[in-house]
Each structure stands twice: as structure tokens, then as C-alpha cells.
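Q: Next up is a structure, given as C-alpha cells.
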Amino acid sequence: MAKQHKAVALISGGLDSMLAVRVLQEQGIEVEGINFYTGFCVEGHTHAIRNHDKDKQKRNNALWAAEQLGIKLHIVDVIEEYKDVLLNPKHGYGANMNPCLDCKIFMVNKAVEWVKDNHKDGFDFIITGEVIGQRPMSQRKQTMPIVAKESGADDILLRPLCAKNLPETRPELEGWVDRDKLYDFSGRNRKPQMALAEQFGFTDYASPAGGCCFLTDKNYSDKLVDLWKGRGSREYEMDDIMLLKVGRHLRPKPEFKLIIARDAGESKFLEGYRKQFVTIQVVSHNGPLTIVDGDICSDDFELAAGIVARYGQGRDAEQVEVQISESGKELQTIMIKPLPSEKVLEEWHV
Amino acid sequence: MSEYELDARRLLCPMPVIKTQNKVKELAVGDILSVICTDPGVLSDIPAWARINGHELVGSYENDTEITITIRVGS
């Protein structure tokens, strides 16, 4: 009996990786999925922290895609290892702080390691949903061989959606897959993917254009650079990168930044950080919970409280009561006039 | 069969799923694992993860602050 060949697929949760998997399933290849969590992955749940997004369906796209495809999914925490990719990208950054090419090389390399670690399960090769010309940095004709070589995957990396535009890989040469039944997609035009999705009966899928990483977002990248500048160091922890996704960020002094919840959903989320940070909240009126990231001295409490009060329902009051809380210290209460909007300087907004 | 509890409070998805997945690797078929979480995203993600990886959702319980999801480890 012929050997049942197995592939592990990098699953982002987007359409291309779903199509790549289904193309191989159609050829009788057994596929399992792998998804790497860097901490910067855009998750529906992160958006759903905010009140106005509560109606959005909460789902992890990678898990959802795996379920549609009927494959197992292994989610791997690479937060610590990813720091080196972000901080020292050999191939540089894209338009923002996105090290897309290094990221792709890293993820394929992690898949290679995973295949070795799980050799008893008999995986033969790795697939991705990459398409030549789809992404300006990581998915170009010139970068495809770079990813294969520098990841260590070499000829066991197959891109089913654009394989016909690339040299033959081992799965094709060995006859594990039929090259004639692979595709030759290229460029940013999504019509071929849409047509294939229709052919496979995929009617619901995550945003086809991708956008699965916060590092490609300018606002997020600006906040990350500000965080590093404020600390004088490019080190970061998981909580730091989560907090960049939440709230309104204002830096009135180089030493500290205010993260002001934009609604009750974000206030509830920030509650979880009370023990780690100085927190500021207006208590005489409804207002957002604010956490102070950095070193704030008591001389700056009035400034910070005045800014926070500006974003609560007491913004037009003569005075509001503000509580400043620091873990292990006595709760402080101050009366303050909220800063008028013209005194909340534009350059404070990160 | 043994029963286990996993603390995934304050973690945002997919971290509770990853912690669940890694804990399940240490357990035997039939063991029961209760995961205590605060991110409501787990209500869809842990059951989805369990379904696609062959584990059984025993139940989920939610109060004002926490969500507990219980699964039985499959083969």
C-alpha cells in the first residue's frame, strides 16, 4: 500500500492558507495545521474588548479555518523567540515595524523544527498559502527562495497556490503531489483566489487581503516606537504589547504615558492591571479607568488627573474628584479642574 | 481518570487555548481538565480547539468575572 503522505500547513486563518490546504486535501494528502502566536497577531477578541465591537463575532480565525478544513491545529507560543525577529530583522522592516520577510523565514523555520520534533507522526513537507507578488515585502519572486533557504526548509517547502511559477519541490519531484493540479497564481489580484474559494464552497472567510499582524499598522507601530523611546530600551513584555492595542495613549512627559480606556469594555480590561500600575480614575463622575505606564512623581499627579478628567463625563465641571491608586500605597484623592481641550496638547497623543 | 484545574485568568486568546493544549499533552485519555479564564473569547475558542483535536467539551460555566470550561481528554 502506498504511503500516506502528510503535510503541515502554516495557518494564519486567512483565505490563502485555507485554499492551500484544500488543494492538497483534494490530492489525498493528510494535512495538519500550525499557527504561531507572536503576541502581535490580530485577534477578533482583541477588537472585541471595546464596547462598539461587542456584536462582532468572536472567533480565532486560525481555529475557525482549521475546523472548516477538518484538520487538527497546533498553536505555538513564540512570543519570546519572536522578540529577536522584531528587534533584529536581517532583512529590515516594511512600511512600519513589520519585519515581514524575517517573520516568514522564522515561521517556516519553526515549522521545520516542529516537523523534526514530531517526526514520529510522519510529516513529509510544509505548505504555505504564499502567492508570488501578493505582499510587497515577503511574497515576491525574489524572496520565495530566500524563505526556503534561510528557514532550512529548502525543497520540502511547497506553495500550492503559486507552485507552477516556482522550481519543483521534493513533494512534486517524488510524485507525492501532482504539480499539474497545483496553481500559478501571482500578483495582488484576488480574483483567482475568490474563484477557487467558490469552487471549494468557502463562502465565509477572514479578510482576504490579510492584515493579520498589528506590526503592519502605523498607529500600533508608532506606539511601539514611543514605548521603546520612553523606556530608553527596546525590551518588551507580553503585557506591554497587549496594552498597545488598548485605549487612548497620551505622553505628557517623557517619563510616563497615560493609557486611557475609551469605553467601559476597555476600562474592564484595564482593571486587570491595577496591581501592576498606578491607576487614575474620576470618582465623582463617570469616567474611564487610566493606567500610568512609566515613572510618575507626585508633582505630576495634578497634570495627569486633569488630563484623565478631560475624558470623563465631568469634563465641563468646575472640579472633579479623582482617585490615584498605587499597589501597596494609600489611596490618594484629589480635587481637580479638568484640563480644557486646548490644553491637552496634540503632541501628547501617541 | 484524574481531574485537573488550569489557571488561565487574565490571559487573552489564544493564550488560554495554548495553555490548555500544552496541559492536555501531559494528561491521559479520559482525564478531566477545567480551565479557569477571564477572556470571554474562550467560550468559542476552547470548544473549537477541543472539537478539531478530538477532545470532548464537558461543560462551561460563567459568572460575573470568570469562565470555567471543562473538557475530557480524547485520544
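Residues are named by chain letter and number: chains run A, B, ... in the order of the C-alpha cells, numbers start at 1 in each chain, and ligands are numbered from 1 in the order shown.
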Only residues of chain A matter here; which ones have an atom within 7 Å of chain B, counting only C-alpha atoms? Give them as a list in words.
A: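 Taken together, these residues fit the definition: His45, Lys58, Arg59, Asn60, Leu63, Glu67, Gly70, Ile71, Lys72, Ile75, Val76, Asp77 and Gly272 of chain A.
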Q: For Leu33 in chain B, work out the shell of residues within 10 Å, counting only C-alpha atoms and skipping chain neighbours fewer than 4 positions away, then give it as a list in words.
A: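 Returned residues: Ser2, Glu3, Tyr4, Glu5, Leu6, Thr20, Lys23, Val24, Leu27, Leu57, Val58, Thr68, Ile69, Thr70, Ile71, Arg72 and Val73 of chain B.
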Q: Generate a file of the selected residues that holds C-alpha atoms, formatted as a short mmCIF file (atom, residue, chain, number, x, y, z; two decimals), in the first residue's frame.
A:
data_model
loop_
_atom_site.label_atom_id
_atom_site.label_comp_id
_atom_site.auth_asym_id
_atom_site.auth_seq_id
_atom_site.Cartn_x
_atom_site.Cartn_y
_atom_site.Cartn_z
CA SER B 2 -7.98 12.21 37.17
CA GLU B 3 -9.27 15.75 37.40
CA TYR B 4 -7.09 18.81 36.88
CA GLU B 5 -7.51 22.56 37.01
CA LEU B 6 -5.67 25.15 34.94
CA THR B 20 -4.90 24.20 27.54
CA LYS B 23 -1.54 20.91 29.60
CA VAL B 24 -3.56 18.30 27.72
CA LEU B 27 -2.69 14.18 30.56
CA LEU B 57 -16.41 19.56 25.91
CA VAL B 58 -17.97 18.52 29.22
CA THR B 68 -14.71 27.79 33.58
CA ILE B 69 -14.54 25.40 30.67
CA THR B 70 -14.26 21.69 31.31
CA ILE B 71 -13.04 19.18 28.77
CA ARG B 72 -12.44 15.45 28.74
CA VAL B 73 -9.18 14.47 27.06
#
Q: Tell me, which residues of range 64-203 of chain A carry DSSP helix (DSSP H, G or I), written as a PyMOL selection string?
A: chain A and resi 64-69+79-87+100-117+119-121+143-151+154-156+163-165+170-173+179-181+191-200
Q: How far is it from CA of Lys25 in chain B to CA of Tyr61 in chain B, in Å with one decimal?
A: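 If I compute the distance from CA of Lys25 in chain B to CA of Tyr61 in chain B, I get 23.5 Å.
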Q: Might you pull out every residue within 7 Å of range 39-42 of chain A, with only C-alpha atoms counted and same-chain residues fewer than 2 positions away left off, and present them as an mmCIF file with N, CA and C atoms, in the first residue's frame?
A:
data_model
loop_
_atom_site.group_PDB
_atom_site.id
_atom_site.type_symbol
_atom_site.label_atom_id
_atom_site.label_comp_id
_atom_site.auth_asym_id
_atom_site.auth_seq_id
_atom_site.Cartn_x
_atom_site.Cartn_y
_atom_site.Cartn_z
ATOM 1 N N TYR A 37 1.821 32.069 17.505
ATOM 2 C CA TYR A 37 1.319 33.273 18.179
ATOM 3 C C TYR A 37 2.505 34.129 18.641
ATOM 4 N N GLY A 44 -9.744 38.630 16.723
ATOM 5 C CA GLY A 44 -11.080 39.196 16.852
ATOM 6 C C GLY A 44 -11.392 39.586 18.282
ATOM 7 N N ILE A 79 6.204 33.914 21.494
ATOM 8 C CA ILE A 79 6.343 35.313 21.924
ATOM 9 C C ILE A 79 7.799 35.653 22.256
ATOM 10 N N CYS A 212 -2.987 40.367 9.243
ATOM 11 C CA CYS A 212 -3.141 39.554 10.444
ATOM 12 C C CYS A 212 -2.148 39.956 11.529
ATOM 13 N N CYS A 213 -1.428 41.060 11.325
ATOM 14 C CA CYS A 213 -0.375 41.425 12.287
ATOM 15 C C CYS A 213 -0.461 42.916 12.610
ATOM 16 N N PHE A 214 -0.453 43.215 13.911
ATOM 17 C CA PHE A 214 -0.523 44.618 14.333
ATOM 18 C C PHE A 214 0.690 45.422 13.872
ATOM 19 N N LEU A 215 1.808 44.757 13.628
ATOM 20 C CA LEU A 215 3.024 45.492 13.262
ATOM 21 C C LEU A 215 2.922 46.161 11.892
ATOM 22 N N MET A 238 4.960 40.763 27.292
ATOM 23 C CA MET A 238 3.639 40.494 26.703
ATOM 24 C C MET A 238 2.623 41.572 27.091
#
Q: So which one's closest to Cys162 in chain A, A:Ser186, A:Gln25, A:Gln193, A:Asn219? Using only C-alpha atoms, please.
A: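 Result for the nearest residue to Cys162 in chain A: A:Ser186.
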Q: I'd like the contact shell of Ile11 in chain A - 9 Å cut-off, only C-alpha atoms, skipping same-chain residues fewer than 2 positions apart - returned as a list in words.
A: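 The filter keeps Ala9, Gly13, Gly14, Asp16, Ser17, Met18, Val21, Gly33, Ile34, Asn35, Phe36, Ala62, Leu63, Ala65, Ala66, Leu73, Thr128 and Gly129 of chain A.
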Q: Please list as an NGL selection string every residue within 12 Å of Val278 in chain A, counting only C-alpha atoms and excluding residues in the same chain fewer than 3 positions away.
A: :A and (256-259 or 270-271 or 273-275 or 281 or 289-298 or 301 or 304-305 or 323-332)
Q: So which residues of chain B fall under strand (DSSP E) by DSSP, listed as an MDAnalysis selection string?
A: chainID B and resid 3:8 32:37 56:62 67:72
Q: Using only C-alpha atoms, determine which residues lie at most 6 Å from Val29 in chain B, disregarding the query and same-chain residues fewer than 2 positions distant; provide the list as a ChimeraX atom specification.
A: /B:31,73-75
Q: Just N, CA and C atoms for this one: save the residues we selected as a PDB file, in the first residue's frame.
A:
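Written out: result_25.pdb:
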ATOM      1  N   ASP B  31      -8.944  11.875  31.164  1.00  0.00           N
ATOM      2  CA  ASP B  31      -8.748  12.860  32.236  1.00  0.00           C
ATOM      3  C   ASP B  31      -9.638  14.071  31.998  1.00  0.00           C
ATOM      4  N   VAL B  73     -10.255  14.703  28.027  1.00  0.00           N
ATOM      5  CA  VAL B  73      -9.181  14.466  27.062  1.00  0.00           C
ATOM      6  C   VAL B  73      -9.509  13.266  26.186  1.00  0.00           C
ATOM      7  N   GLY B  74      -9.410  13.477  24.873  1.00  0.00           N
ATOM      8  CA  GLY B  74      -9.655  12.396  23.920  1.00  0.00           C
ATOM      9  C   GLY B  74      -8.362  11.728  23.495  1.00  0.00           C
ATOM     10  N   SER B  75      -8.478  10.838  22.525  1.00  0.00           N
ATOM     11  CA  SER B  75      -7.279  10.089  22.121  1.00  0.00           C
ATOM     12  C   SER B  75      -6.500  10.841  21.046  1.00  0.00           C
TER      13      SER B  75
END
Q: Hey, can you check how far CA of Ala7 in chain A sits from CA of Val31 in chain A?
A: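 Computing the Euclidean distance for CA of Ala7 in chain A and CA of Val31 in chain A yields 4.9 Å.
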